[in-house]
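The file final35.txt contains compact mmCIF, C-alpha atoms and all ligand atoms:
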# COMPACT_ATOMS: atom_id res chain seq x y z
CA MET A 1 0.00 0.00 0.00
CA SER A 2 2.35 2.69 -1.20
CA ASP A 3 -0.11 5.30 -2.46
CA PRO A 4 -3.06 6.02 -0.21
CA SER A 5 -4.85 7.79 -3.05
CA GLU A 6 -5.29 4.34 -4.68
CA LEU A 7 -7.49 3.21 -1.79
CA PRO A 8 -11.17 2.82 -2.57
CA SER A 9 -13.18 5.78 -1.42
CA GLU A 10 -15.05 3.64 1.15
CA SER A 11 -11.91 2.94 3.13
CA MET A 12 -10.47 6.45 3.07
CA PRO A 13 -12.93 9.17 2.10
CA ARG A 14 -11.71 12.51 0.75
CA ALA A 15 -12.53 15.28 3.15
CA GLU A 16 -13.47 17.96 0.66
CA SER A 17 -15.52 15.94 -1.82
CA GLU A 18 -17.36 13.46 0.37
CA LEU A 19 -17.40 14.49 4.02
CA LYS A 20 -20.46 16.33 5.17
CA PRO A 21 -20.51 18.53 8.27
CA LEU A 22 -21.61 16.69 11.39
CA SER A 23 -25.17 17.46 12.39
CA ASN A 24 -23.90 18.26 15.89
CA ALA A 25 -20.83 20.13 14.73
CA GLU A 26 -21.84 23.25 16.61
CA ASP A 27 -22.39 21.33 19.82
CA LEU A 28 -18.98 19.82 19.57
CA ALA A 29 -17.60 23.36 19.37
CA LEU A 30 -14.42 22.28 17.65
CA SER A 31 -11.84 25.00 17.52
CA ASN A 32 -10.67 26.07 14.09
CA SER A 33 -7.29 24.54 14.65
CA ALA A 34 -8.78 21.23 15.77
CA SER A 35 -11.05 21.16 12.71
CA ALA A 36 -8.06 21.89 10.49
CA GLN A 37 -6.11 19.01 12.12
CA ILE A 38 -8.99 16.60 11.53
CA ALA A 39 -9.40 17.73 7.92
CA ARG A 40 -5.69 17.14 7.33
CA ILE A 41 -5.85 13.65 8.81
CA LEU A 42 -8.85 12.81 6.66
CA ASN A 43 -7.25 14.21 3.53
CA PRO A 44 -4.69 11.58 2.50
CA THR A 45 -2.86 13.87 0.11
CA ASP A 46 -1.30 15.66 3.09
CA LEU A 47 -0.03 12.40 4.60
CA ALA A 48 2.71 9.96 3.77
CA LEU A 49 2.70 6.34 4.86
CA VAL A 50 5.69 4.69 6.54
CA ASN A 51 5.31 0.98 7.34
CA GLY A 52 1.59 1.41 6.97
CA PHE A 53 1.36 4.32 9.47
CA ALA A 54 0.40 7.81 8.40
CA ILE A 55 3.05 10.46 9.11
CA ASP A 56 2.94 14.17 8.52
CA ASP A 57 5.56 15.12 5.93
CA ASP A 58 4.66 18.80 6.09
CA GLU A 59 7.84 20.90 6.15
CA ASP A 60 6.28 23.07 8.85
CA ALA A 61 5.76 20.01 11.04
CA ASP A 62 8.66 20.97 13.32
CA GLU A 63 6.79 24.07 14.38
CA ASP A 64 3.94 21.87 15.58
CA TYR A 65 6.27 19.56 17.49
CA VAL A 66 5.12 18.84 21.03
CA ALA A 67 7.16 16.72 23.42
CA VAL A 68 5.16 13.65 24.51
CA ASP A 69 4.59 13.51 28.22
CA GLN A 70 4.98 9.87 29.27
CA ASP A 71 2.25 10.37 31.87
CA ASP A 72 -0.14 10.61 28.94
CA ALA A 73 0.73 7.09 27.78
CA ASN A 74 -2.65 5.77 28.97
CA ASP A 75 -4.38 8.05 26.49
CA MET A 76 -2.69 6.34 23.53
CA PRO A 77 -5.03 4.21 21.45
CA TYR A 78 -5.06 0.76 22.93
CA TRP A 79 -3.65 -0.96 19.83
CA PHE A 80 -0.47 1.08 20.15
CA ARG A 81 0.05 -0.45 23.57
CA ARG A 82 -0.76 -4.09 22.75
CA PRO A 83 2.24 -6.36 22.36
CA PRO A 84 2.94 -7.29 18.73
CA ILE A 85 0.86 -10.25 17.64
CA TYR A 86 3.91 -12.55 17.31
CA ASN A 87 4.68 -11.95 21.00
CA ARG A 88 1.36 -13.20 22.28
CA SER A 89 1.47 -15.49 25.28
CA LYS A 90 -0.73 -18.55 25.72
CA LEU A 91 -2.75 -16.49 28.15
CA ASP A 92 -3.30 -13.74 25.53
CA GLU A 93 -4.63 -16.38 23.17
CA LEU A 94 -7.48 -17.01 25.61
CA HIS A 95 -8.60 -13.35 25.47
CA PRO A 96 -9.11 -13.70 29.21
CA PHE A 97 -11.20 -11.63 31.56
CA VAL A 98 -11.89 -12.01 35.27
CA GLN A 99 -15.26 -11.67 36.90
CA LEU A 100 -17.05 -12.49 40.14
CA LEU A 101 -18.95 -15.77 40.08
CA SER A 102 -22.55 -16.48 41.08
CA VAL A 103 -24.78 -19.54 41.50
CA SER A 104 -25.36 -19.40 37.75
CA ASN A 105 -21.75 -20.62 37.39
CA VAL A 106 -22.11 -23.74 39.57
CA ASP A 107 -21.95 -26.15 36.60
CA ASP A 108 -18.85 -24.36 35.25
CA CYS A 109 -17.20 -24.59 38.67
CA VAL A 110 -17.98 -28.30 38.98
CA GLN A 111 -16.25 -28.78 35.63
CA VAL A 112 -13.15 -26.79 36.65
CA GLU A 113 -13.01 -28.54 40.03
CA ASN A 114 -12.32 -31.81 38.20
CA ALA A 115 -8.73 -30.52 38.11
CA PHE A 116 -8.44 -31.90 41.68
CA PRO A 117 -8.13 -35.55 42.59
CA GLU A 118 -11.59 -36.85 43.52
CA PRO A 119 -11.20 -36.78 47.35
CA GLU A 120 -10.09 -33.12 47.25
CA ARG A 121 -12.94 -31.82 45.10
CA CYS A 122 -15.53 -29.41 46.38
CA SER A 123 -19.02 -30.92 45.97
CA ARG A 124 -21.74 -29.34 43.84
CA GLU A 125 -23.75 -28.62 47.02
CA LYS A 126 -20.82 -26.72 48.51
CA PHE A 127 -20.49 -24.62 45.35
CA ILE A 128 -24.19 -23.75 45.59
CA TYR A 129 -23.75 -22.87 49.26
CA ARG A 130 -20.59 -20.78 48.84
CA LEU A 131 -21.73 -18.97 45.71
CA SER A 132 -25.10 -18.21 47.34
CA ARG A 133 -23.71 -17.08 50.67
CA CYS A 134 -20.56 -15.16 49.68
CA PRO A 135 -20.19 -14.78 45.88
CA GLU A 136 -18.19 -11.60 46.48
CA LEU A 137 -15.29 -13.77 47.69
CA SER A 138 -15.10 -15.71 44.42
CA LEU A 139 -13.39 -14.93 41.15
CA GLY A 140 -13.42 -16.63 37.77
CA LEU A 141 -11.15 -16.30 34.76
CA PHE A 142 -13.09 -16.75 31.54
CA THR A 143 -12.18 -17.11 27.89
CA LEU A 144 -14.27 -15.75 25.05
CA PRO A 145 -12.88 -16.31 21.56
CA VAL A 146 -12.82 -13.48 19.03
CA ILE A 147 -15.82 -14.10 16.78
CA GLU A 148 -16.77 -13.08 13.27
CA GLU A 149 -19.07 -10.15 12.93
CA GLY A 150 -22.73 -11.20 12.83
CA VAL A 151 -22.06 -14.54 14.56
CA PRO A 152 -23.97 -14.86 17.86
CA LYS A 153 -21.75 -14.32 20.89
CA PRO A 154 -21.06 -17.69 22.56
CA ARG A 155 -21.21 -18.17 26.32
CA ALA A 156 -17.84 -17.49 27.94
CA THR A 157 -15.97 -20.57 29.20
CA LEU A 158 -14.80 -20.63 32.81
CA VAL A 159 -11.10 -21.56 32.71
CA GLY A 160 -10.16 -21.16 36.37
CA HIS A 161 -11.78 -20.21 39.66
CA ILE A 162 -11.12 -19.13 43.22
CA ILE A 163 -13.80 -19.97 45.80
CA ALA A 164 -13.61 -18.81 49.40
CA THR A 165 -15.52 -18.21 52.62
CA ARG A 166 -14.75 -16.16 55.72
CA THR A 167 -13.54 -17.54 59.02
CA SER A 168 -12.69 -15.96 62.36
CA GLU A 169 -9.71 -18.35 62.65
CA PRO A 170 -6.27 -17.24 61.43
CA CYS A 171 -5.96 -20.24 59.05
CA VAL A 172 -8.20 -22.48 56.97
CA THR A 173 -9.92 -25.03 59.22
CA ASP A 174 -11.95 -28.16 58.56
CA ARG A 175 -14.95 -26.41 60.13
CA SER A 176 -14.67 -23.51 57.71
CA MET A 177 -14.70 -26.01 54.85
CA ARG A 178 -17.83 -27.82 55.97
CA LEU A 179 -21.29 -27.45 54.51
CA PRO A 180 -23.73 -26.42 57.29
CA THR A 181 -26.68 -28.81 57.21
CA ASN A 182 -29.23 -26.05 57.86
CA TRP A 183 -27.66 -23.29 55.71
CA GLN A 184 -30.82 -22.70 53.69
CA SER A 185 -32.91 -21.87 56.75
CA GLU A 186 -30.29 -20.46 59.15
CA ARG A 187 -27.91 -17.57 58.62
CA TRP A 188 -25.39 -18.90 61.18
CA THR A 189 -24.56 -22.46 62.10
CA ILE A 190 -22.99 -23.30 65.43
CA GLU A 191 -22.08 -26.92 66.13
CA GLU A 192 -20.57 -27.97 69.43
CA GLY A 193 -20.14 -24.31 70.32
CA GLN A 194 -18.18 -23.46 67.15
CA ALA A 195 -19.09 -21.82 63.85
CA VAL A 196 -19.35 -24.03 60.77
CA GLY A 197 -18.98 -22.85 57.18
CA HIS A 198 -18.97 -19.18 56.22
CA GLU A 199 -18.66 -16.73 59.14
CA GLU A 200 -19.85 -13.39 57.84
CA GLY A 201 -17.79 -11.26 60.24
CA GLY A 202 -14.60 -13.35 60.00
CA GLY A 203 -11.42 -11.37 59.25
CA THR A 204 -9.74 -14.23 57.37
CA ILE A 205 -10.67 -15.09 53.79
CA ALA A 206 -10.23 -18.84 53.55
CA ILE A 207 -9.64 -19.95 49.97
CA HIS A 208 -11.06 -23.44 49.52
CA SER A 209 -10.34 -23.84 45.86
CA LEU A 210 -7.96 -22.52 43.24
CA ALA A 211 -8.27 -24.66 40.15
CA VAL A 212 -7.65 -24.39 36.40
CA LEU A 213 -9.09 -26.62 33.65
CA PRO A 214 -6.37 -29.22 32.93
CA GLU A 215 -6.17 -28.26 29.24
CA HIS A 216 -5.37 -24.66 30.20
CA GLN A 217 -2.88 -25.30 33.01
CA GLY A 218 0.63 -23.91 32.58
CA LYS A 219 -0.62 -20.81 30.73
CA GLN A 220 -0.36 -18.45 33.72
CA VAL A 221 -4.10 -18.69 34.37
CA GLY A 222 -3.68 -19.73 38.02
CA SER A 223 -1.12 -17.03 38.81
CA THR A 224 -3.09 -14.32 36.97
CA LEU A 225 -6.23 -15.26 38.86
CA MET A 226 -4.46 -15.29 42.22
CA LYS A 227 -2.74 -11.93 41.63
CA SER A 228 -6.02 -10.38 40.57
CA TYR A 229 -7.79 -11.84 43.61
CA ILE A 230 -5.19 -10.57 46.07
CA ASN A 231 -5.24 -7.10 44.48
CA ARG A 232 -9.02 -6.91 44.69
CA ILE A 233 -9.13 -7.92 48.35
CA ARG A 234 -6.22 -5.63 49.23
CA GLU A 235 -7.71 -2.62 47.46
CA ALA A 236 -11.17 -3.19 48.89
CA GLN A 237 -9.64 -3.63 52.39
CA ILE A 238 -12.28 -6.16 53.31
CA ALA A 239 -10.16 -8.66 55.23
CA ASP A 240 -7.20 -8.95 57.58
CA ARG A 241 -5.61 -11.82 55.70
CA ILE A 242 -6.06 -14.47 53.03
CA ALA A 243 -5.38 -18.08 53.97
CA ILE A 244 -5.10 -21.26 51.91
CA ILE A 245 -3.94 -24.83 52.40
CA ALA A 246 -1.69 -26.50 49.85
CA HIS A 247 0.45 -29.55 49.33
CA ASP A 248 4.23 -29.16 49.63
CA HIS A 249 4.96 -28.91 45.90
CA LEU A 250 2.77 -25.80 45.57
CA VAL A 251 4.21 -23.91 48.56
CA PRO A 252 6.74 -21.97 46.39
CA PHE A 253 3.88 -21.13 43.97
CA TYR A 254 1.93 -19.44 46.79
CA GLU A 255 5.03 -17.89 48.36
CA SER A 256 5.63 -16.12 45.05
CA PHE A 257 2.43 -14.10 45.71
CA GLY A 258 3.49 -13.18 49.26
CA PHE A 259 1.85 -16.05 51.19
CA GLU A 260 3.88 -17.24 54.19
CA SER A 261 4.08 -20.86 55.15
CA HIS A 262 2.80 -21.60 58.69
CA GLY A 263 3.74 -25.27 58.74
CA LEU A 264 1.61 -28.39 58.77
CA SER A 265 -2.13 -27.67 58.79
CA LYS A 266 -4.56 -29.37 61.16
CA CYS A 267 -6.97 -29.80 58.26
CA GLN A 268 -7.76 -33.41 57.53
CA PHE A 269 -9.90 -32.62 54.48
CA GLY A 270 -9.20 -34.94 51.56
CA GLY A 271 -6.81 -37.05 53.61
CA GLY A 272 -4.74 -34.24 55.20
CA GLY A 273 -1.04 -33.54 54.65
CA TRP A 274 -1.62 -29.84 53.93
CA VAL A 275 0.57 -26.83 54.64
CA ASP A 276 -1.02 -23.67 56.08
CA LEU A 277 -0.27 -20.53 54.02
CA VAL A 278 -1.32 -17.03 55.06
C1 LIG B 301 -2.11 -25.31 40.74
C2 LIG B 301 -2.80 -24.66 39.57
C3 LIG B 301 -3.98 -23.86 40.09
C4 LIG B 301 -1.81 -23.73 38.86
O1 LIG B 301 -2.47 -23.07 37.82
P1 LIG B 301 -1.73 -22.87 36.39
O2 LIG B 301 -2.54 -21.96 35.59
O3 LIG B 301 -1.45 -24.21 35.83
O4 LIG B 301 -0.37 -22.20 36.86
P2 LIG B 301 0.50 -21.09 36.13
O5 LIG B 301 0.58 -21.37 34.68
O6 LIG B 301 -0.01 -19.78 36.53
O7 LIG B 301 1.90 -21.43 36.81
C5 LIG B 301 2.75 -20.46 37.29
C6 LIG B 301 3.85 -21.15 38.07
O8 LIG B 301 3.33 -21.90 39.15
C7 LIG B 301 4.12 -23.07 39.37
N1 LIG B 301 3.26 -24.24 39.28
C8 LIG B 301 2.07 -24.32 38.64
N2 LIG B 301 1.54 -25.54 38.80
C9 LIG B 301 2.41 -26.24 39.54
C10 LIG B 301 2.44 -27.56 40.03
N3 LIG B 301 1.43 -28.43 39.83
N4 LIG B 301 3.52 -27.93 40.76
C11 LIG B 301 4.53 -27.09 41.01
N5 LIG B 301 4.56 -25.82 40.56
C12 LIG B 301 3.52 -25.40 39.83
C13 LIG B 301 5.20 -23.08 38.35
O9 LIG B 301 6.33 -22.54 38.97
C14 LIG B 301 4.68 -22.14 37.28
O10 LIG B 301 5.75 -21.48 36.70
P3 LIG B 301 6.17 -21.84 35.20
O11 LIG B 301 5.03 -21.38 34.35
O12 LIG B 301 7.41 -21.05 35.01
O13 LIG B 301 6.38 -23.31 35.15
C15 LIG B 301 -3.31 -25.70 38.54
O14 LIG B 301 -2.22 -26.46 38.12
C16 LIG B 301 -4.41 -26.61 39.04
O15 LIG B 301 -5.59 -26.32 38.87
N6 LIG B 301 -4.04 -27.75 39.67
C17 LIG B 301 -5.02 -28.70 40.17
C18 LIG B 301 -5.76 -28.15 41.37
C19 LIG B 301 -4.80 -27.73 42.47
O16 LIG B 301 -3.91 -28.46 42.87
N7 LIG B 301 -5.02 -26.50 43.00
C20 LIG B 301 -4.23 -25.94 44.05
C21 LIG B 301 -4.89 -26.18 45.33
S1 LIG B 301 -3.93 -25.66 46.70
Can I see the file as structure tokens?
Ligand SMILES: CC(C)(COP(=O)(O)OP(=O)(O)OC[C@H]1O[C@@H](n2cnc3c(N)ncnc32)[C@H](O)[C@@H]1OP(=O)(O)O)[C@@H](O)C(=O)NCCC(=O)NCCS
Amino acid sequence: MSDPSELPSESMPRAESELKPLSNAEDLALSNSASAQIARILNPTDLALVNGFAIDDDEDADEDYVAVDQDDANDMPYWFRRPPIYNRSKLDELHPFVQLLSVSNVDDCVQVENAFPEPERCSREKFIYRLSRCPELSLGLFTLPVIEEGVPKPRATLVGHIIATRTSEPCVTDRSMRLPTNWQSERWTIEEGQAVGHEEGGGTIAIHSLAVLPEHQGKQVGSTLMKSYINRIREAQIADRIAIIAHDHLVPFYESFGFESHGLSKCQFGGGGWVDLV
């Protein structure tokens, strides 16, 4: 594409011959100089192309030179800031976005939870309970492929999730992981003098599940989700700490986010052998 004047008129209209004044031009109150700038951009004869980008080859351009303030970088069009397409990571390929979960995601969560060995999986009933009682403590990373124009938007796929409840204990406990039998009729459940399940006023957020669909593991989904989760909780200042239990091989993974190991956990869930991380 060496000569922009060869472009069909649909892709690059000529300002003088084809552009009509905007109906709200007066409302926009464009200054004369701004209007002149726009007219020059729209008129390709004033522009040269270098590597496909329009540059101003006007000899007076130096007079218009303005040093770019780096603080304005966020105002640059987003495609200037995207990494080049050949540098895309596996995570980029998923076009990921994170979002709170709700009971409408229970089936998706059950699917993702299959990443755990069977004895360590959260049951469907527990997902319903946790996502009904405290959905604000959850987070999901979804993928939605880029689709052709006119094709109906598909439902986003849940790739990874974090599910949590609150506890007044400093670490994750077996009691905090249990499903209160009467949760649908009672707001609080006390058994043998101690709270069971989600404790609304608890200062510790107890993460019960971080899981990523097996086919998407190793693409930075888990770490992206965890970083995003920690940032959200920290910025919202809604807890004193976040706690999780993990097996030995994942301790360095959690330490990389700032979790500290507190030694062997008392939790016997799924056969025990967990390390407390806070
Ligand atoms: C653990 C899990 C959530 C990690 O998610 P992921 O998206 O695969 O992880 P990431 O791609 O973000 O990995 C980042 C780093 O974490 C570490 N890591 C991830 N999975 C690991 C594993 N199973 N063992 C040891 N280190 C691991 C690696 O250091 C990795 O760095 P690398 O990419 O340079 O190799 C995921 O593997 C999973 O769902 N596992 C099954 C469920 C589970 O065990 N959950 C944890 C409960 S405590």
- Output the neighbourhood of ligand LIG 301 (chain B) as a ChimeraX atom specification, that is, all protein and nucleic acid residues with some atom at most 8 Å from the ligand, counting only C-alpha atoms and all ligand atoms. /A:112-113,115-117,160,208-214,216-224,244-247,249-250,252-253
- Message: Using Å and a single decimal, report how far CA of Asp240 (chain A) sits from CA of Ser138 (chain A).
- Response: 16.8 Å
- Task: Within 8 Å of Pro135 (chain A), counting all atoms listed in the file, which residues show up once you throw out same-chain ones fewer than 5 positions away? Write them as a PyMOL selection string, please.
- Result: chain A and resi 100-103+130
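Among the candidate residues A:Ile205, A:Met177, A:Met226, A:Ile163, the one lying nearest to Ile242 (chain A) is A:Ile205, with distances computed using all atoms listed in the file.
The coordinates place CA of Ala206 (chain A) at 15.6 Å from CA of Leu225 (chain A).
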Return as JSON the centre and edge lengths, in Å with one decimal, of the box along x, y and z that encloses every atom of region 180-198 of chain A in the file, padded by 5 Å per side.
{"center_x": -25.5, "center_y": -23.2, "center_z": 62.0, "size_x": 24.7, "size_y": 21.2, "size_z": 26.6}
